[in-house]
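*Asks:* Data file query_5.txt (compact mmCIF, N, CA and C atoms) is appended below.
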# COMPACT_ATOMS: atom_id res chain seq x y z
N MET P 953 41.19 -33.21 -44.46
CA MET P 953 39.90 -32.67 -44.15
C MET P 953 39.37 -33.24 -42.83
N GLN P 954 39.61 -34.55 -42.63
CA GLN P 954 39.16 -35.20 -41.41
C GLN P 954 39.86 -34.61 -40.19
N THR P 955 41.14 -34.34 -40.28
CA THR P 955 41.88 -33.80 -39.14
C THR P 955 41.45 -32.37 -38.84
N ALA P 956 41.13 -31.59 -39.85
CA ALA P 956 40.69 -30.21 -39.64
C ALA P 956 39.35 -30.17 -38.92
N PHE P 957 38.48 -31.13 -39.25
CA PHE P 957 37.18 -31.18 -38.60
C PHE P 957 37.34 -31.44 -37.10
N GLY P 958 38.19 -32.35 -36.73
CA GLY P 958 38.43 -32.66 -35.32
C GLY P 958 39.01 -31.47 -34.57
N ILE P 959 39.94 -30.77 -35.21
CA ILE P 959 40.55 -29.62 -34.56
C ILE P 959 39.51 -28.51 -34.37
N VAL P 960 38.69 -28.25 -35.37
CA VAL P 960 37.66 -27.21 -35.28
C VAL P 960 36.63 -27.60 -34.21
N LEU P 961 36.23 -28.87 -34.18
CA LEU P 961 35.25 -29.33 -33.22
C LEU P 961 35.76 -29.16 -31.79
N PHE P 962 36.98 -29.62 -31.52
CA PHE P 962 37.55 -29.48 -30.18
C PHE P 962 37.81 -28.01 -29.82
N GLY P 963 38.16 -27.22 -30.80
CA GLY P 963 38.37 -25.79 -30.55
C GLY P 963 37.07 -25.09 -30.16
N VAL P 964 35.98 -25.40 -30.87
CA VAL P 964 34.69 -24.79 -30.57
C VAL P 964 34.22 -25.22 -29.18
N VAL P 965 34.39 -26.51 -28.85
CA VAL P 965 33.99 -27.01 -27.53
C VAL P 965 34.82 -26.33 -26.44
N ALA P 966 36.12 -26.15 -26.66
CA ALA P 966 36.98 -25.52 -25.66
C ALA P 966 36.58 -24.05 -25.46
N VAL P 967 36.35 -23.34 -26.55
CA VAL P 967 35.94 -21.94 -26.43
C VAL P 967 34.58 -21.85 -25.74
N GLY P 968 33.65 -22.76 -26.06
CA GLY P 968 32.34 -22.78 -25.41
C GLY P 968 32.46 -23.05 -23.92
N ALA P 969 33.36 -23.94 -23.52
CA ALA P 969 33.54 -24.24 -22.10
C ALA P 969 34.11 -23.02 -21.37
N ILE P 970 35.03 -22.32 -21.99
CA ILE P 970 35.61 -21.12 -21.37
C ILE P 970 34.54 -20.04 -21.20
N VAL P 971 33.70 -19.84 -22.21
CA VAL P 971 32.63 -18.85 -22.13
C VAL P 971 31.62 -19.26 -21.05
N ALA P 972 31.31 -20.55 -20.94
CA ALA P 972 30.36 -21.02 -19.93
C ALA P 972 30.89 -20.77 -18.52
N VAL P 973 32.17 -21.04 -18.29
CA VAL P 973 32.76 -20.80 -16.96
C VAL P 973 32.77 -19.32 -16.66
N ALA P 974 33.07 -18.48 -17.64
CA ALA P 974 33.09 -17.03 -17.42
C ALA P 974 31.68 -16.51 -17.11
N SER P 975 30.67 -17.06 -17.77
CA SER P 975 29.31 -16.58 -17.51
C SER P 975 28.81 -17.05 -16.16
N LEU P 976 29.27 -18.19 -15.67
CA LEU P 976 28.87 -18.66 -14.35
C LEU P 976 29.36 -17.74 -13.24
N SER P 977 30.51 -17.12 -13.43
CA SER P 977 31.06 -16.27 -12.39
C SER P 977 30.25 -14.98 -12.22
N GLY P 978 29.59 -14.51 -13.26
CA GLY P 978 28.82 -13.28 -13.15
C GLY P 978 27.33 -13.46 -13.07
N ARG P 979 26.84 -14.70 -12.93
CA ARG P 979 25.39 -14.94 -12.96
C ARG P 979 24.67 -14.46 -11.72
N LYS P 980 25.32 -14.56 -10.55
CA LYS P 980 24.64 -14.18 -9.31
C LYS P 980 24.26 -12.70 -9.34
N ARG P 981 25.18 -11.87 -9.77
CA ARG P 981 24.92 -10.44 -9.85
C ARG P 981 23.79 -10.15 -10.84
N LEU P 982 23.72 -10.88 -11.94
CA LEU P 982 22.66 -10.68 -12.92
C LEU P 982 21.30 -11.10 -12.37
N TYR P 983 21.25 -12.24 -11.69
CA TYR P 983 19.98 -12.71 -11.16
C TYR P 983 19.47 -11.84 -10.02
N GLU P 984 20.33 -11.20 -9.28
CA GLU P 984 19.89 -10.31 -8.20
C GLU P 984 19.20 -9.06 -8.75
N ASN P 985 19.51 -8.68 -9.97
CA ASN P 985 18.94 -7.47 -10.56
C ASN P 985 17.67 -7.71 -11.36
N ILE P 986 17.25 -8.96 -11.50
CA ILE P 986 16.03 -9.24 -12.25
C ILE P 986 14.84 -8.69 -11.47
N GLY P 987 13.98 -7.93 -12.13
CA GLY P 987 12.80 -7.37 -11.50
C GLY P 987 13.04 -6.05 -10.79
N ARG P 988 14.21 -5.51 -10.90
CA ARG P 988 14.51 -4.21 -10.29
C ARG P 988 14.51 -3.16 -11.37
N GLY P 989 14.29 -1.93 -10.97
CA GLY P 989 14.34 -0.84 -11.93
C GLY P 989 13.10 0.03 -11.82
N ALA P 990 12.99 1.00 -12.70
CA ALA P 990 11.92 1.99 -12.63
C ALA P 990 10.56 1.40 -12.94
N MET P 991 10.49 0.30 -13.67
CA MET P 991 9.21 -0.27 -14.05
C MET P 991 8.75 -1.37 -13.09
N SER P 992 9.53 -1.68 -12.07
CA SER P 992 9.15 -2.77 -11.16
C SER P 992 8.12 -2.28 -10.15
N MET P 993 7.42 -3.22 -9.53
CA MET P 993 6.40 -2.87 -8.55
C MET P 993 7.01 -2.37 -7.25
N HIS P 994 8.26 -2.69 -7.00
CA HIS P 994 8.90 -2.31 -5.75
C HIS P 994 9.60 -0.96 -5.84
N HIS P 995 9.53 -0.33 -6.99
CA HIS P 995 10.14 0.97 -7.17
C HIS P 995 9.20 2.03 -6.59
N ASP P 996 9.67 2.82 -5.66
CA ASP P 996 8.86 3.85 -5.03
C ASP P 996 9.24 5.21 -5.60
N PRO P 997 8.40 5.80 -6.46
CA PRO P 997 8.78 7.07 -7.08
C PRO P 997 8.89 8.21 -6.08
N LEU P 998 8.17 8.15 -4.94
CA LEU P 998 8.29 9.23 -3.95
C LEU P 998 9.68 9.24 -3.33
N ARG P 999 10.22 8.06 -3.06
CA ARG P 999 11.58 8.02 -2.50
C ARG P 999 12.60 8.46 -3.54
N ALA P 1000 12.34 8.14 -4.79
CA ALA P 1000 13.28 8.52 -5.84
C ALA P 1000 13.35 10.03 -5.98
N ARG P 1001 12.22 10.72 -5.75
CA ARG P 1001 12.24 12.18 -5.89
C ARG P 1001 12.36 12.87 -4.55
N GLY P 1002 12.50 12.10 -3.47
CA GLY P 1002 12.70 12.70 -2.16
C GLY P 1002 11.42 13.14 -1.49
N GLY P 1003 10.30 12.48 -1.76
CA GLY P 1003 9.03 12.83 -1.15
C GLY P 1003 8.96 12.38 0.30
N PRO P 1004 7.88 12.73 0.97
CA PRO P 1004 7.75 12.36 2.39
C PRO P 1004 7.55 10.86 2.54
N PRO P 1005 7.96 10.31 3.66
CA PRO P 1005 7.76 8.88 3.88
C PRO P 1005 6.28 8.54 3.97
N ALA P 1006 5.91 7.37 3.50
CA ALA P 1006 4.51 6.97 3.49
C ALA P 1006 3.96 6.92 4.92
N GLY P 1007 2.75 7.44 5.10
CA GLY P 1007 2.09 7.42 6.39
C GLY P 1007 2.43 8.61 7.28
N SER P 1008 3.39 9.44 6.87
CA SER P 1008 3.74 10.60 7.69
C SER P 1008 2.69 11.69 7.53
N ALA P 1009 2.75 12.67 8.41
CA ALA P 1009 1.79 13.78 8.35
C ALA P 1009 1.91 14.54 7.04
N ALA P 1010 3.13 14.69 6.54
CA ALA P 1010 3.33 15.40 5.28
C ALA P 1010 2.73 14.62 4.12
N ALA P 1011 2.87 13.29 4.15
CA ALA P 1011 2.29 12.47 3.08
C ALA P 1011 0.77 12.52 3.12
N LEU P 1012 0.19 12.51 4.33
CA LEU P 1012 -1.26 12.59 4.45
C LEU P 1012 -1.78 13.95 3.99
N ALA P 1013 -1.04 15.01 4.31
CA ALA P 1013 -1.45 16.35 3.86
C ALA P 1013 -1.37 16.44 2.34
N GLU P 1014 -0.33 15.86 1.75
CA GLU P 1014 -0.19 15.86 0.30
C GLU P 1014 -1.33 15.06 -0.34
N ARG P 1015 -1.68 13.92 0.26
CA ARG P 1015 -2.78 13.11 -0.24
C ARG P 1015 -4.09 13.89 -0.19
N ASP P 1016 -4.34 14.57 0.94
CA ASP P 1016 -5.57 15.35 1.07
C ASP P 1016 -5.64 16.47 0.04
N GLU P 1017 -4.52 17.13 -0.20
CA GLU P 1017 -4.50 18.21 -1.19
C GLU P 1017 -4.79 17.68 -2.59
N GLU P 1018 -4.24 16.51 -2.92
CA GLU P 1018 -4.51 15.93 -4.24
C GLU P 1018 -5.97 15.52 -4.37
N ILE P 1019 -6.55 15.00 -3.29
CA ILE P 1019 -7.97 14.63 -3.33
C ILE P 1019 -8.82 15.88 -3.51
N ARG P 1020 -8.46 16.97 -2.83
CA ARG P 1020 -9.21 18.23 -3.00
C ARG P 1020 -9.18 18.69 -4.46
N GLN P 1021 -8.00 18.57 -5.09
CA GLN P 1021 -7.88 18.96 -6.49
C GLN P 1021 -8.76 18.08 -7.38
N LEU P 1022 -8.79 16.79 -7.11
CA LEU P 1022 -9.61 15.88 -7.90
C LEU P 1022 -11.10 16.18 -7.72
N VAL P 1023 -11.51 16.46 -6.48
CA VAL P 1023 -12.92 16.78 -6.23
C VAL P 1023 -13.28 18.12 -6.88
N ALA P 1024 -12.37 19.08 -6.86
CA ALA P 1024 -12.62 20.36 -7.52
C ALA P 1024 -12.79 20.15 -9.03
N ALA P 1025 -11.96 19.30 -9.62
CA ALA P 1025 -12.10 19.01 -11.05
C ALA P 1025 -13.43 18.31 -11.34
N ARG P 1026 -13.83 17.40 -10.44
CA ARG P 1026 -15.13 16.73 -10.60
C ARG P 1026 -16.26 17.75 -10.50
N ASN P 1027 -16.12 18.71 -9.58
CA ASN P 1027 -17.15 19.75 -9.44
C ASN P 1027 -17.28 20.57 -10.72
N GLU P 1028 -16.15 20.89 -11.34
CA GLU P 1028 -16.21 21.66 -12.59
C GLU P 1028 -16.97 20.90 -13.67
N ARG P 1029 -16.73 19.58 -13.77
CA ARG P 1029 -17.47 18.78 -14.74
C ARG P 1029 -18.95 18.72 -14.39
N ARG P 1030 -19.26 18.60 -13.09
CA ARG P 1030 -20.67 18.56 -12.67
C ARG P 1030 -21.38 19.88 -13.01
N ILE P 1031 -20.71 21.00 -12.80
CA ILE P 1031 -21.30 22.31 -13.10
C ILE P 1031 -21.55 22.44 -14.59
N ARG P 1032 -20.61 21.98 -15.42
CA ARG P 1032 -20.79 22.04 -16.87
C ARG P 1032 -21.98 21.20 -17.33
N ARG P 1033 -22.24 20.09 -16.61
CA ARG P 1033 -23.38 19.24 -16.96
C ARG P 1033 -24.68 19.76 -16.37
N GLY P 1034 -24.60 20.80 -15.54
CA GLY P 1034 -25.79 21.38 -14.94
C GLY P 1034 -26.17 20.73 -13.61
N GLU P 1035 -25.28 19.94 -13.04
CA GLU P 1035 -25.54 19.29 -11.76
C GLU P 1035 -25.01 20.17 -10.62
N PRO P 1036 -25.56 20.01 -9.42
CA PRO P 1036 -25.05 20.81 -8.30
C PRO P 1036 -23.66 20.33 -7.87
N PRO P 1037 -22.79 21.26 -7.47
CA PRO P 1037 -21.44 20.84 -7.05
C PRO P 1037 -21.47 20.16 -5.69
N LEU P 1038 -20.45 19.36 -5.43
CA LEU P 1038 -20.29 18.68 -4.15
C LEU P 1038 -19.53 19.58 -3.18
N ASP P 1039 -19.77 19.39 -1.88
CA ASP P 1039 -18.99 20.07 -0.86
C ASP P 1039 -17.63 19.39 -0.80
N VAL P 1040 -16.56 20.13 -1.09
CA VAL P 1040 -15.23 19.55 -1.21
C VAL P 1040 -14.78 18.93 0.12
N GLU P 1041 -14.96 19.63 1.22
CA GLU P 1041 -14.48 19.11 2.51
C GLU P 1041 -15.28 17.89 2.96
N ALA P 1042 -16.60 17.90 2.71
CA ALA P 1042 -17.42 16.74 3.08
C ALA P 1042 -17.02 15.53 2.23
N GLU P 1043 -16.75 15.75 0.96
CA GLU P 1043 -16.33 14.66 0.08
C GLU P 1043 -14.95 14.15 0.48
N LEU P 1044 -14.06 15.05 0.88
CA LEU P 1044 -12.74 14.64 1.36
C LEU P 1044 -12.87 13.78 2.61
N ALA P 1045 -13.73 14.20 3.53
CA ALA P 1045 -13.93 13.42 4.76
C ALA P 1045 -14.51 12.04 4.43
N ARG P 1046 -15.42 11.98 3.47
CA ARG P 1046 -16.02 10.70 3.10
C ARG P 1046 -14.99 9.78 2.45
N LEU P 1047 -14.14 10.34 1.57
CA LEU P 1047 -13.17 9.52 0.86
C LEU P 1047 -12.01 9.06 1.73
N THR P 1048 -11.67 9.85 2.75
CA THR P 1048 -10.52 9.48 3.59
C THR P 1048 -10.93 8.79 4.87
N ALA P 1049 -12.23 8.59 5.09
CA ALA P 1049 -12.68 7.90 6.29
C ALA P 1049 -12.23 6.44 6.23
N PRO P 1050 -11.75 5.92 7.35
CA PRO P 1050 -11.29 4.53 7.32
C PRO P 1050 -12.46 3.58 7.12
N ALA P 1051 -12.24 2.58 6.31
CA ALA P 1051 -13.27 1.57 6.06
C ALA P 1051 -13.27 0.58 7.23
N VAL P 1052 -14.45 0.35 7.78
CA VAL P 1052 -14.57 -0.55 8.92
C VAL P 1052 -15.27 -1.82 8.45
N ASP P 1053 -14.65 -2.95 8.74
CA ASP P 1053 -15.24 -4.24 8.42
C ASP P 1053 -16.46 -4.45 9.31
N PRO P 1054 -17.62 -4.74 8.75
CA PRO P 1054 -18.83 -4.91 9.57
C PRO P 1054 -18.69 -6.03 10.60
N GLU P 1055 -17.97 -7.09 10.25
CA GLU P 1055 -17.78 -8.19 11.20
C GLU P 1055 -16.93 -7.73 12.39
N LEU P 1056 -15.91 -6.92 12.11
CA LEU P 1056 -15.08 -6.39 13.20
C LEU P 1056 -15.90 -5.48 14.09
N ALA P 1057 -16.72 -4.62 13.49
CA ALA P 1057 -17.56 -3.72 14.29
C ALA P 1057 -18.53 -4.51 15.16
N ALA P 1058 -19.09 -5.58 14.61
CA ALA P 1058 -20.02 -6.40 15.40
C ALA P 1058 -19.30 -7.09 16.55
N GLU P 1059 -18.08 -7.55 16.30
CA GLU P 1059 -17.31 -8.20 17.36
C GLU P 1059 -16.94 -7.21 18.46
N VAL P 1060 -16.52 -6.01 18.07
CA VAL P 1060 -16.18 -4.99 19.06
C VAL P 1060 -17.42 -4.61 19.85
N ARG P 1061 -18.57 -4.48 19.18
CA ARG P 1061 -19.81 -4.15 19.86
C ARG P 1061 -20.17 -5.22 20.88
N SER P 1062 -20.02 -6.49 20.53
CA SER P 1062 -20.33 -7.56 21.49
C SER P 1062 -19.38 -7.53 22.68
N LEU P 1063 -18.11 -7.19 22.45
CA LEU P 1063 -17.16 -7.07 23.56
C LEU P 1063 -17.53 -5.90 24.49
N VAL P 1064 -17.96 -4.79 23.91
CA VAL P 1064 -18.36 -3.64 24.73
C VAL P 1064 -19.60 -3.97 25.54
N ILE P 1065 -20.55 -4.68 24.95
CA ILE P 1065 -21.76 -5.08 25.69
C ILE P 1065 -21.38 -6.01 26.84
N ALA P 1066 -20.47 -6.94 26.58
CA ALA P 1066 -20.03 -7.85 27.65
C ALA P 1066 -19.31 -7.06 28.75
N ARG P 1067 -18.51 -6.07 28.38
CA ARG P 1067 -17.83 -5.25 29.37
C ARG P 1067 -18.85 -4.46 30.20
N ASN P 1068 -19.89 -3.95 29.54
CA ASN P 1068 -20.95 -3.23 30.27
C ASN P 1068 -21.64 -4.15 31.27
N GLU P 1069 -21.88 -5.39 30.90
CA GLU P 1069 -22.50 -6.34 31.83
C GLU P 1069 -21.61 -6.58 33.05
N ARG P 1070 -20.30 -6.71 32.81
CA ARG P 1070 -19.36 -6.88 33.94
C ARG P 1070 -19.33 -5.63 34.81
N ARG P 1071 -19.36 -4.45 34.16
CA ARG P 1071 -19.37 -3.20 34.93
C ARG P 1071 -20.64 -3.08 35.77
N ALA P 1072 -21.78 -3.50 35.21
CA ALA P 1072 -23.05 -3.43 35.95
C ALA P 1072 -23.00 -4.37 37.15
N ARG P 1073 -22.43 -5.56 36.99
CA ARG P 1073 -22.32 -6.49 38.11
C ARG P 1073 -21.39 -5.95 39.19
N ALA P 1074 -20.39 -5.18 38.78
CA ALA P 1074 -19.45 -4.60 39.75
C ALA P 1074 -19.98 -3.32 40.36
N GLY P 1075 -21.13 -2.83 39.88
CA GLY P 1075 -21.73 -1.62 40.44
C GLY P 1075 -21.25 -0.34 39.79
N HIS P 1076 -20.55 -0.45 38.64
CA HIS P 1076 -20.08 0.74 37.93
C HIS P 1076 -21.12 1.18 36.90
N GLU P 1077 -21.00 2.43 36.49
CA GLU P 1077 -21.90 2.97 35.48
C GLU P 1077 -21.55 2.38 34.12
N PRO P 1078 -22.53 1.98 33.30
CA PRO P 1078 -22.23 1.39 31.98
C PRO P 1078 -21.71 2.44 31.01
N LEU P 1079 -20.95 1.97 30.04
CA LEU P 1079 -20.41 2.84 28.99
C LEU P 1079 -21.45 3.05 27.90
N ASP P 1080 -21.31 4.17 27.16
CA ASP P 1080 -22.12 4.39 25.97
C ASP P 1080 -21.59 3.44 24.90
N VAL P 1081 -22.41 2.49 24.48
CA VAL P 1081 -21.94 1.42 23.60
C VAL P 1081 -21.43 1.97 22.28
N GLU P 1082 -22.20 2.82 21.61
CA GLU P 1082 -21.79 3.32 20.29
C GLU P 1082 -20.52 4.17 20.37
N ALA P 1083 -20.42 5.01 21.39
CA ALA P 1083 -19.22 5.85 21.53
C ALA P 1083 -18.00 4.98 21.82
N GLU P 1084 -18.16 3.96 22.64
CA GLU P 1084 -17.03 3.07 22.96
C GLU P 1084 -16.62 2.24 21.75
N VAL P 1085 -17.59 1.79 20.96
CA VAL P 1085 -17.27 1.04 19.74
C VAL P 1085 -16.49 1.93 18.78
N ALA P 1086 -16.95 3.17 18.60
CA ALA P 1086 -16.26 4.10 17.70
C ALA P 1086 -14.84 4.37 18.19
N ARG P 1087 -14.68 4.55 19.51
CA ARG P 1087 -13.34 4.81 20.06
C ARG P 1087 -12.41 3.62 19.82
N GLN P 1088 -12.90 2.42 20.06
CA GLN P 1088 -12.04 1.24 19.89
C GLN P 1088 -11.72 1.00 18.42
N LEU P 1089 -12.65 1.26 17.53
CA LEU P 1089 -12.37 1.11 16.10
C LEU P 1089 -11.34 2.13 15.64
N ARG P 1090 -11.40 3.35 16.20
CA ARG P 1090 -10.37 4.36 15.87
C ARG P 1090 -9.00 3.88 16.34
N GLU P 1091 -8.95 3.28 17.53
CA GLU P 1091 -7.67 2.78 18.05
C GLU P 1091 -7.13 1.63 17.21
N LEU P 1092 -8.03 0.84 16.63
CA LEU P 1092 -7.62 -0.31 15.83
C LEU P 1092 -7.25 0.06 14.40
N SER P 1093 -7.56 1.28 13.98
CA SER P 1093 -7.31 1.65 12.59
C SER P 1093 -5.83 1.67 12.30
N PRO P 1094 -5.42 1.33 11.06
CA PRO P 1094 -4.00 1.27 10.70
C PRO P 1094 -3.30 2.62 10.77
N GLU P 1095 -4.05 3.71 10.72
CA GLU P 1095 -3.43 5.04 10.78
C GLU P 1095 -2.86 5.31 12.17
N ASN P 1096 -3.42 4.64 13.22
CA ASN P 1096 -2.95 4.82 14.58
C ASN P 1096 -1.85 3.84 14.95
N ALA P 1097 -1.51 2.93 14.04
CA ALA P 1097 -0.47 1.94 14.33
C ALA P 1097 0.89 2.64 14.40
N PRO P 1098 1.77 2.16 15.30
CA PRO P 1098 3.09 2.80 15.41
C PRO P 1098 3.97 2.52 14.22
Written as structure tokens, that's how I'd like the structure from this file.

*Replies:*
Amino acid sequence: MQTAFGIVLFGVVAVGAIVAVASLSGRKRLYENIGRGAMSMHHDPLRARGGPPAGSAAALAERDEEIRQLVAARNERRIRRGEPPLDVEAELARLTAPAVDPELAAEVRSLVIARNERRARAGHEPLDVEAEVARQLRELSPENAP
């Protein structure tokens, strides 16, 4: 009985060592796939179905069309409740307008005012401050980034 126990013990340890070495050889491939798949945050369903690339004109048009549909559905609910409907295009423009950080707008405004002061000292006509601030904020928006 004593000899059988030793043989079984060494046999189990040997088989365990072989399994451990075999699992080490395939671990890298397993760890690379952790967090991948349809439920992960990095899975892009538009690419999976062949949709337009993000930020392209086609993607923006698709986004605008979906927003129009959502606003139209909201209008139907408002009408059923007896409320006046919203203007779909005005609501689309409001929802898709880029959000401007007030601190950034203030900084751009101060730069435009300083530029106007330099232009006045040089004898040039000053710029319209609000129009120039709006133009520079449009240029800084992420939609205009290359």

*Asks:* Provide the atom C of Val1060 in chain P to atom C of Val1085 in chain P distance in Å, to one decimal place.

*Replies:*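 If I compute the distance from atom C of Val1060 in chain P to atom C of Val1085 in chain P, I get 6.7 Å.
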
*Asks:* Interatomic distance between atom C of Val960 in chain P and atom N of Val973 in chain P?

*Replies:*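 That distance, rounded to one decimal, is 17.8 Å.
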
*Asks:* Between CA of Leu1047 in chain P and CA of Ala1006 in chain P, what is the distance in Å, rounded to a tenth?

*Replies:*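 Computing it gives 18.1 Å between the two atoms.
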
*Asks:* Would you pick out the contacts of Glu1043 in chain P at 12 Å or less, using only C-alpha atoms, so that residues sharing its chain but fewer than 2 positions from it are not included, and give the list as a list in words?

*Replies:*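 These residues fall inside the cut-off: Asp1016, Ile1019, Arg1020, Gln1021, Leu1022, Val1023, Ala1024, Arg1026, Asn1027, Pro1037, Leu1038, Asp1039, Val1040, Glu1041, Ala1045, Arg1046, Leu1047, Thr1048 and Ala1049 of chain P.
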